[in-house]
Amino acid sequence: MGSFLIRRLGQGIVTVVLASVLVFFVMRLIPGDPALLLVGVDASAEDIEQVRERLGLNEPLVEQYVNWLTGAVRGDFGPSFTKGAEVGHLMRVAVLPSAELAVAGYLFALAFGIPLGIIAGLKPGGPGDYAATGFTMFTLGIPNFVLGILLIWVLAVLLGWLPITGRVGIDEDPVEALKFLIMPMIAVGAGTAAVLARFVRASIMETLNQDYVRTARAKGLRERSVVMRHAMRNALIPVITVAALQIGFLISGAVIVEVVFARPGFGSLLIGGVVGRDYQLIQGMLVVLVAVFVVVNTLADVAYGLADPRIRVS
Amino acid sequence: MAHAPERVPVFRNESLRARVLVLRQQSQWFDVAYRVARERRGQIALVILGVFLVCALFADYIAPYGYDEQLRGAKLLSPSWAHPFGTDEISRDLLSRIIFGIRVSLFVGAGSIAIGMPIGVAIGYTAGYFGSWADAIAMRLIDTMLAFPGILTALVVLAVLGTGTREVAITLGIGAVPVFARLARGQMLQEKERDYVMAARTLGAGPVRIIMRQISINTLPPLMIQAALYMAFAVIAEASLSFLGLGASRPTATIGLILNAARPFLTLGAWWFILTPIAALALLLIALNFLADAILEATSPYVRNK
């Protein structure tokens with residue numbers, strides 16, 4: 001298990017470093033002088049030169065990259081060119097609302113998708129199966145931000161049950177915070193829930209056809225015990241990987257959903273960076289997001305290895 | 001299936017059925033299309049996509065009004081015979097705008113495939129067929145690109161290229177490269193060990209001929225399925241990006257821009273403003289997913305010869 005862990009960790013670090021190289025050098029293709037963005041168009045040539053010197057823009061690109069990466073490891077991502085603040089500071093402010101939404105959306109996806117898949121898989125062709133199929137079709141046709149708009153229309157405008165947009169911090173007023181969180185949470189999690197439901201359904205159906213399930217039935221175990229103790233455990237192991245891979249898509253989807261619900265967070269910050277072509281901001285945020293994605297996937301592999309000893313060996 | 005069959009001349013007086021049979025034998029493309037058209041999901045997909053495609057190609061003739069034509073005294077009208085989908089906040093016909101919007105969706109979807117699929121497949125085939133260092137380099141690059149999930153790749157590239165419909169199509173085309181490369185490589189690794197490849201090699205065929213004439217035919221179905229699914233992703237991404245203001249700019253009609261304009265009017269009860277673009281988008285996405293399902297059904301060996 002130790003060497004497996006180290007190998008996966010090494011691969012993860014390589015991926016993050018390569019991603020940082022890719023982002024850093026692609027971002028330098030953005031036309032225009034970032035120093036000009038900082039000081040404004042009517043600054044003198046000396047001012048601009050001074051800012052360029054301070055930002056290290058006059059050094060060779062490779063050196064700039066190394067400086068940026070060593071800073072980034074310590075949490076210093078340099079100044080944003082358009083927001084008038086450090087990128088690290090901007091991200092620390094934005095991380096709580098975004099993390100709150102991503103975690104809530106993910107929990108919703110797990111709590112809704114997996115039971116739905118189990119019900120559908122245990123009785124193919126039954127009402128649960130139809131519900132799962134219908135739900136999948138719905139999420140295929142309605143992407144997350146569109147679902148967000150529909151939820152606002154139905155739950156907030158027509159029924160008036162929930163506030164339309166905005167956010168209240170969980171530390172300020174938990175009940176209010178939850179009200180603001182429900183719709184974005186569903187919008188972010190629905191797609192993942194559908195993927196999980198479909199996968200769990202297939203996995204359960206496959207497991208129920210295995211020989212050991214027939215053996216368990218043949219020796220007279222109650223159906224409940226066959227399903228819960230023999231089939232379910234094995235059926236849910238491969239779900240770990242699928243569930244983890246979905247996190248990346250969930251996070252990238254949350255970027256848009258945040259904007260739909262006018263929630264502060266990574267989404268509006270990143271979109272603002274793209275519109276303003278603020279490469280310092282974009283590269284910092286993307287490296288952090290890729291790192292999160294890679295860490296989650298590595299953890300999922302480890303969890304999979306713990307759950308299924310066969311994986312560790314190969 | 002492995003070998004290109006001999007070309008049988010199609011005679012004029014042969015029955016339609018016989019001609020179809022000959023075409024199916026001669027072209028895998030035609031064969032897959034024929035099988036897809038016999039699946040129920042395939043039929044639904046082909047009808048919807050056909051209608052949308054005709055609307056997109058002939059939007060100028062089919063749409064009752066221009067995409068930016070402001071009509072006198074027609075602000076926020078609910079659906080009627082004159083305006084089946086109603087009108088928007090600055091008196092434009094929504095049906096016309098949605099028709100032009102679907103044109104943008106299809107353009108970006110097809111454009112991103114046209115850019116990303118050939119490049120991705122070429123990289124994947126080369127890496128898979130030759131292996132060794134070419135494979136190692138290609139795979140590292142692909143893994144790195146795939147570390148940016150979903151729409152994040154698009155945001156990086158758009159920051160460089162700037163906003164606009166063409167830029168979005170190029171961006172999503174770049175995003176398609178690693179997806180197709182990884183799939184094509186996997187297919188290649190599987191197929192190159194098969195006997196028919198060995199047979200072709202024994203007969204003196206070079207790598208280019210083997211890849212282009214033998215292996216490519218056998219790896220076609222999964223690539224076609226991926227193309228349909230990626231096109232659905234590209235349509236969603238285009239709608240998202242133009243909704244965020246990173247795609248086409250006003251007054252162009254795209255599904256994302258219409259939804260963006262409609263959002264503030266939800267509270268005013270303008271339900272048609274929001275539901276009609278969503279319905280059009282949903283139909284397109286369902287059709288693309290059905291197409292992918294139908295290709296899978298039509299080409300998977302278990303159900304093939306029914």
# chains A, B, ... in the order shown; residues from 1 in each chain; ligands from 1
call {"tool": "residues_around", "arguments": {"residues": "segment 68-71 of chain A", "least_positions_apart": "6", "cutoff": "8 Å", "atoms": "only C-alpha atoms", "output": "PyMOL selection string"}}
result
chain A and resi 20+77-78
call {"tool": "closest_atom_pairs", "arguments": {"of": "segment 60-111 of chain A", "to": "segment 165-184 of chain A", "cutoff": "9 Å", "atoms": "only C-alpha atoms", "output": "Markdown table"}}
result
| residue | atom | partner | partner_atom | distance |
| --- | --- | --- | --- | --- |
| A:Leu96 | CA | A:Gly169 | CA | 8.8 |
| A:Pro97 | CA | A:Gly169 | CA | 7.6 |
| A:Glu100 | CA | A:Leu181 | CA | 8.5 |
| A:Leu101 | CA | A:Leu181 | CA | 7.0 |
| A:Ala104 | CA | A:Leu181 | CA | 7.9 |
| A:Gly105 | CA | A:Pro184 | CA | 7.6 |
call {"tool": "closest_residue", "arguments": {"among": "A:Ala156, A:Ala194, A:Met205, A:Ala132", "to": "chain B", "atoms": "only C-alpha atoms"}}
result
A:Ala156
call {"tool": "interface_residues", "arguments": {"of": "chain B", "to": "chain A", "cutoff": "6 Å", "atoms": "only C-alpha atoms", "output": "ChimeraX atom specification"}}
result
/B:144,149-150,159-160,267,282,285-286
call {"tool": "write_last_selection", "arguments": {"atoms": "C-alpha atoms", "output": "PDB file, in the first residue's frame"}}
result
ATOM      1  CA  THR B 144      -2.228  17.296 -18.542  1.00  0.00           C
ATOM      2  CA  PRO B 149     -12.145  19.446 -16.236  1.00  0.00           C
ATOM      3  CA  GLY B 150     -15.152  20.512 -18.273  1.00  0.00           C
ATOM      4  CA  ALA B 159      -8.621  34.411 -22.202  1.00  0.00           C
ATOM      5  CA  VAL B 160      -5.972  34.250 -24.932  1.00  0.00           C
ATOM      6  CA  THR B 267     -40.293  37.886 -12.176  1.00  0.00           C
ATOM      7  CA  ALA B 282     -33.187  20.402 -24.651  1.00  0.00           C
ATOM      8  CA  LEU B 285     -29.192  17.825 -26.604  1.00  0.00           C
ATOM      9  CA  ILE B 286     -31.567  14.872 -26.305  1.00  0.00           C
TER      10      ILE B 286
END
call {"tool": "closest_residue", "arguments": {"among": "B:Ala138, B:Val108, B:Ala122, B:Val179", "to": "Ser242 of chain B", "atoms": "only C-alpha atoms"}}
result
B:Val108
call {"tool": "residues_around", "arguments": {"residues": "Ala262 of chain B", "least_positions_apart": "4", "cutoff": "10 Å", "atoms": "only C-alpha atoms", "output": "PDB file with N, CA and C atoms, in the first residue's frame"}}
result
ATOM      1  N   ILE A 149     -31.783  28.328 -13.746  1.00  0.00           N
ATOM      2  CA  ILE A 149     -32.784  29.324 -14.146  1.00  0.00           C
ATOM      3  C   ILE A 149     -34.197  28.774 -13.926  1.00  0.00           C
TER       4      ILE A 149
ATOM      5  N   ASP B  88     -39.394  39.274 -27.481  1.00  0.00           N
ATOM      6  CA  ASP B  88     -38.520  39.546 -26.342  1.00  0.00           C
ATOM      7  C   ASP B  88     -38.632  40.986 -25.861  1.00  0.00           C
ATOM      8  N   GLU B  89     -37.704  41.396 -25.002  1.00  0.00           N
ATOM      9  CA  GLU B  89     -37.855  42.669 -24.299  1.00  0.00           C
ATOM     10  C   GLU B  89     -37.660  43.873 -25.209  1.00  0.00           C
ATOM     11  N   GLY B 256     -27.614  31.000 -25.338  1.00  0.00           N
ATOM     12  CA  GLY B 256     -27.095  31.563 -24.089  1.00  0.00           C
ATOM     13  C   GLY B 256     -27.452  33.028 -23.930  1.00  0.00           C
ATOM     14  N   LEU B 257     -27.329  33.791 -24.993  1.00  0.00           N
ATOM     15  CA  LEU B 257     -27.639  35.221 -24.908  1.00  0.00           C
ATOM     16  C   LEU B 257     -29.132  35.460 -24.687  1.00  0.00           C
ATOM     17  N   ILE B 258     -29.962  34.629 -25.332  1.00  0.00           N
ATOM     18  CA  ILE B 258     -31.411  34.780 -25.135  1.00  0.00           C
ATOM     19  C   ILE B 258     -31.749  34.498 -23.676  1.00  0.00           C
ATOM     20  N   LEU B 266     -38.073  36.968 -15.635  1.00  0.00           N
ATOM     21  CA  LEU B 266     -38.762  35.862 -14.982  1.00  0.00           C
ATOM     22  C   LEU B 266     -39.806  36.377 -14.008  1.00  0.00           C
ATOM     23  N   ALA B 270     -42.860  36.508 -17.818  1.00  0.00           N
ATOM     24  CA  ALA B 270     -42.648  36.247 -19.246  1.00  0.00           C
ATOM     25  C   ALA B 270     -42.134  34.822 -19.438  1.00  0.00           C
ATOM     26  N   TRP B 271     -43.006  33.831 -19.175  1.00  0.00           N
ATOM     27  CA  TRP B 271     -42.577  32.426 -19.175  1.00  0.00           C
ATOM     28  C   TRP B 271     -42.062  31.959 -20.533  1.00  0.00           C
ATOM     29  N   TRP B 272     -42.684  32.494 -21.625  1.00  0.00           N
ATOM     30  CA  TRP B 272     -42.273  32.043 -22.963  1.00  0.00           C
ATOM     31  C   TRP B 272     -40.844  32.455 -23.276  1.00  0.00           C
ATOM     32  N   PHE B 273     -40.438  33.560 -22.717  1.00  0.00           N
ATOM     33  CA  PHE B 273     -39.111  34.102 -22.969  1.00  0.00           C
ATOM     34  C   PHE B 273     -38.039  33.111 -22.496  1.00  0.00           C
ATOM     35  N   ILE B 274     -38.343  32.414 -21.392  1.00  0.00           N
ATOM     36  CA  ILE B 274     -37.355  31.510 -20.810  1.00  0.00           C
ATOM     37  C   ILE B 274     -37.568  30.076 -21.298  1.00  0.00           C
ATOM     38  N   LEU B 275     -38.853  29.665 -21.480  1.00  0.00           N
ATOM     39  CA  LEU B 275     -39.107  28.256 -21.775  1.00  0.00           C
ATOM     40  C   LEU B 275     -38.820  27.882 -23.227  1.00  0.00           C
ATOM     41  N   PRO B 277     -36.415  29.004 -25.481  1.00  0.00           N
ATOM     42  CA  PRO B 277     -35.020  28.645 -25.765  1.00  0.00           C
ATOM     43  C   PRO B 277     -34.581  27.388 -25.039  1.00  0.00           C
TER      44      PRO B 277
END
call {"tool": "select_by_dssp", "arguments": {"residues": "segment 69-257 of chain B", "states": "helix (DSSP H, G or I)", "output": "PyMOL selection string"}}
result
chain B and resi 94-130+132-146+152-161+165-191+195-202+207-218+220-243+255-257
call {"tool": "residues_around", "arguments": {"residues": "Ala35 of chain A", "least_positions_apart": "2", "cutoff": "6 Å", "atoms": "only C-alpha atoms", "output": "number ranges by chain"}}
result
A: 33, 37-38, 48, 51-52
call {"tool": "residues_around", "arguments": {"residues": "segment 211-216 of chain B", "least_positions_apart": "5", "cutoff": "10 Å", "atoms": "only C-alpha atoms", "output": "ChimeraX atom specification"}}
result
/B:1-4,121-122,125-126,129,184,187-188,190-192,194,196-197,200,205-206,221,223
call {"tool": "residues_around", "arguments": {"residues": "Val157 of chain B", "least_positions_apart": "2", "cutoff": "9 Å", "atoms": "only C-alpha atoms", "output": "list in words"}}
result
Val26 and Met27 of chain A; Leu152, Thr153, Ala154, Leu155, Ala159, Val160, Leu161, Gly162, Glu167, Val168, Ile170, Thr171, Leu172 and Ile174 of chain B
call {"tool": "write_last_selection", "arguments": {"atoms": "C-alpha atoms", "output": "mmCIF file, in the first residue's frame"}}
result
data_model
loop_
_atom_site.group_PDB
_atom_site.id
_atom_site.type_symbol
_atom_site.label_atom_id
_atom_site.label_comp_id
_atom_site.auth_asym_id
_atom_site.auth_seq_id
_atom_site.Cartn_x
_atom_site.Cartn_y
_atom_site.Cartn_z
ATOM 1 C CA VAL A 26 -0.357 29.720 -22.677
ATOM 2 C CA MET A 27 -1.351 32.764 -20.613
ATOM 3 C CA LEU B 152 -12.077 25.193 -17.543
ATOM 4 C CA THR B 153 -9.948 24.451 -20.630
ATOM 5 C CA ALA B 154 -12.264 26.704 -22.586
ATOM 6 C CA LEU B 155 -11.765 29.543 -20.097
ATOM 7 C CA ALA B 159 -8.621 34.411 -22.202
ATOM 8 C CA VAL B 160 -5.972 34.250 -24.932
ATOM 9 C CA LEU B 161 -8.185 34.350 -28.031
ATOM 10 C CA GLY B 162 -10.735 36.848 -26.786
ATOM 11 C CA GLU B 167 -13.232 31.822 -30.846
ATOM 12 C CA VAL B 168 -15.568 29.576 -28.859
ATOM 13 C CA ILE B 170 -11.775 27.016 -31.883
ATOM 14 C CA THR B 171 -11.527 26.801 -28.099
ATOM 15 C CA LEU B 172 -13.867 23.834 -27.853
ATOM 16 C CA ILE B 174 -8.798 22.438 -28.835
#
call {"tool": "residues_around", "arguments": {"residues": "Leu284 of chain B", "least_positions_apart": "6", "cutoff": "9 Å", "atoms": "only C-alpha atoms", "output": "NGL selection string"}}
result
(:A and (141)) or (:B and (45 or 48-49 or 52 or 102 or 232 or 235))
call {"tool": "closest_residue", "arguments": {"among": "A:Ala235, A:Leu208, A:Leu155, A:Leu196", "to": "Phe108 of chain A", "atoms": "only C-alpha atoms"}}
result
A:Leu196
call {"tool": "decode", "arguments": {"residues": "segment 25-142 of chain B", "atoms": "C-alpha atoms", "output": "tab-separated table (two decimals), in the first residue's frame"}}
result
chain	number	residue	atom	x	y	z
B	25	GLN	CA	-21.16	-3.34	-48.17
B	26	GLN	CA	-19.05	-0.69	-49.79
B	27	SER	CA	-19.14	1.99	-47.15
B	28	GLN	CA	-19.05	1.54	-43.40
B	29	TRP	CA	-20.36	5.10	-43.05
B	30	PHE	CA	-23.44	4.22	-45.04
B	31	ASP	CA	-23.86	0.94	-43.17
B	32	VAL	CA	-23.78	2.67	-39.77
B	33	ALA	CA	-26.17	5.36	-41.00
B	34	TYR	CA	-28.54	2.66	-42.27
B	35	ARG	CA	-28.50	0.78	-38.97
B	36	VAL	CA	-28.95	3.99	-36.96
B	37	ALA	CA	-31.99	4.84	-39.08
B	38	ARG	CA	-33.55	1.51	-38.08
B	39	GLU	CA	-33.25	2.15	-34.31
B	40	ARG	CA	-36.14	4.02	-32.73
B	41	ARG	CA	-33.85	6.40	-30.84
B	42	GLY	CA	-31.89	6.88	-34.03
B	43	GLN	CA	-35.06	7.82	-35.90
B	44	ILE	CA	-36.03	10.39	-33.27
B	45	ALA	CA	-32.50	11.82	-33.32
B	46	LEU	CA	-32.32	11.98	-37.12
B	47	VAL	CA	-35.70	13.71	-37.41
B	48	ILE	CA	-34.87	16.36	-34.78
B	49	LEU	CA	-31.35	16.93	-36.06
B	50	GLY	CA	-32.61	17.02	-39.65
B	51	VAL	CA	-35.19	19.70	-38.85
B	52	PHE	CA	-32.65	21.72	-36.87
B	53	LEU	CA	-30.06	21.38	-39.60
B	54	VAL	CA	-32.46	22.60	-42.28
B	55	CYS	CA	-33.47	25.51	-40.01
B	56	ALA	CA	-29.81	26.36	-39.43
B	57	LEU	CA	-28.78	26.17	-43.08
B	58	PHE	CA	-31.74	28.13	-44.40
B	59	ALA	CA	-32.35	30.33	-41.36
B	60	ASP	CA	-32.49	33.45	-43.53
B	61	TYR	CA	-35.43	32.01	-45.49
B	62	ILE	CA	-37.19	30.02	-42.77
B	63	ALA	CA	-37.13	32.50	-39.89
B	64	PRO	CA	-40.16	34.80	-40.19
B	65	TYR	CA	-38.14	37.84	-39.08
B	66	GLY	CA	-34.49	38.83	-38.86
B	67	TYR	CA	-32.58	37.83	-35.72
B	68	ASP	CA	-32.19	41.51	-34.78
B	69	GLU	CA	-35.33	42.90	-36.36
B	70	GLN	CA	-37.20	45.13	-33.91
B	71	LEU	CA	-40.93	45.20	-34.57
B	72	ARG	CA	-43.06	48.19	-33.76
B	73	GLY	CA	-45.24	47.76	-30.66
B	74	ALA	CA	-44.40	44.10	-30.06
B	75	LYS	CA	-42.58	44.24	-26.73
B	76	LEU	CA	-42.78	41.06	-24.59
B	77	LEU	CA	-45.83	39.60	-26.36
B	78	SER	CA	-46.92	36.15	-25.24
B	79	PRO	CA	-47.14	33.44	-27.94
B	80	SER	CA	-49.72	34.02	-30.67
B	81	TRP	CA	-50.24	33.05	-34.33
B	82	ALA	CA	-48.09	35.96	-35.43
B	83	HIS	CA	-45.32	35.10	-32.98
B	84	PRO	CA	-45.54	31.39	-32.04
B	85	PHE	CA	-42.77	31.74	-29.43
B	86	GLY	CA	-43.68	35.29	-28.37
B	87	THR	CA	-41.37	38.31	-28.51
B	88	ASP	CA	-38.52	39.55	-26.34
B	89	GLU	CA	-37.86	42.67	-24.30
B	90	ILE	CA	-36.91	44.80	-27.29
B	91	SER	CA	-39.69	43.62	-29.60
B	92	ARG	CA	-37.89	40.89	-31.53
B	93	ASP	CA	-39.56	37.66	-32.69
B	94	LEU	CA	-38.31	34.85	-30.43
B	95	LEU	CA	-38.91	32.04	-32.93
B	96	SER	CA	-36.61	33.79	-35.38
B	97	ARG	CA	-33.99	34.42	-32.72
B	98	ILE	CA	-34.07	30.80	-31.58
B	99	ILE	CA	-33.71	29.56	-35.16
B	100	PHE	CA	-30.63	31.74	-35.58
B	101	GLY	CA	-29.45	30.68	-32.11
B	102	ILE	CA	-29.64	26.99	-33.04
B	103	ARG	CA	-27.56	27.85	-36.09
B	104	VAL	CA	-24.82	29.13	-33.77
B	105	SER	CA	-25.14	26.03	-31.55
B	106	LEU	CA	-24.78	23.69	-34.51
B	107	PHE	CA	-21.95	25.76	-35.99
B	108	VAL	CA	-19.96	25.62	-32.75
B	109	GLY	CA	-20.78	21.94	-32.21
B	110	ALA	CA	-19.81	20.86	-35.72
B	111	GLY	CA	-16.88	23.28	-35.89
B	112	SER	CA	-15.31	22.03	-32.67
B	113	ILE	CA	-15.57	18.42	-33.94
B	114	ALA	CA	-14.14	19.41	-37.33
B	115	ILE	CA	-11.13	20.98	-35.61
B	116	GLY	CA	-10.56	18.64	-32.69
B	117	MET	CA	-11.44	15.21	-34.04
B	118	PRO	CA	-8.94	14.92	-36.94
B	119	ILE	CA	-6.08	16.31	-34.85
B	120	GLY	CA	-6.96	14.23	-31.80
B	121	VAL	CA	-7.45	11.03	-33.79
B	122	ALA	CA	-4.19	11.57	-35.69
B	123	ILE	CA	-2.29	12.03	-32.42
B	124	GLY	CA	-4.01	9.03	-30.83
B	125	TYR	CA	-3.43	6.71	-33.81
B	126	THR	CA	0.22	7.71	-34.10
B	127	ALA	CA	0.87	7.34	-30.38
B	128	GLY	CA	-0.95	4.01	-30.20
B	129	TYR	CA	0.52	2.50	-33.36
B	130	PHE	CA	4.16	3.43	-32.88
B	131	GLY	CA	4.30	3.41	-29.06
B	132	SER	CA	7.61	4.14	-27.27
B	133	TRP	CA	8.59	7.81	-26.83
B	134	ALA	CA	5.93	9.24	-29.16
B	135	ASP	CA	3.32	7.53	-27.02
B	136	ALA	CA	4.90	8.68	-23.75
B	137	ILE	CA	5.02	12.33	-24.81
B	138	ALA	CA	1.53	12.32	-26.29
B	139	MET	CA	0.02	10.68	-23.23
B	140	ARG	CA	1.62	13.12	-20.79
B	141	LEU	CA	0.28	16.03	-22.83
B	142	ILE	CA	-3.17	14.48	-23.04
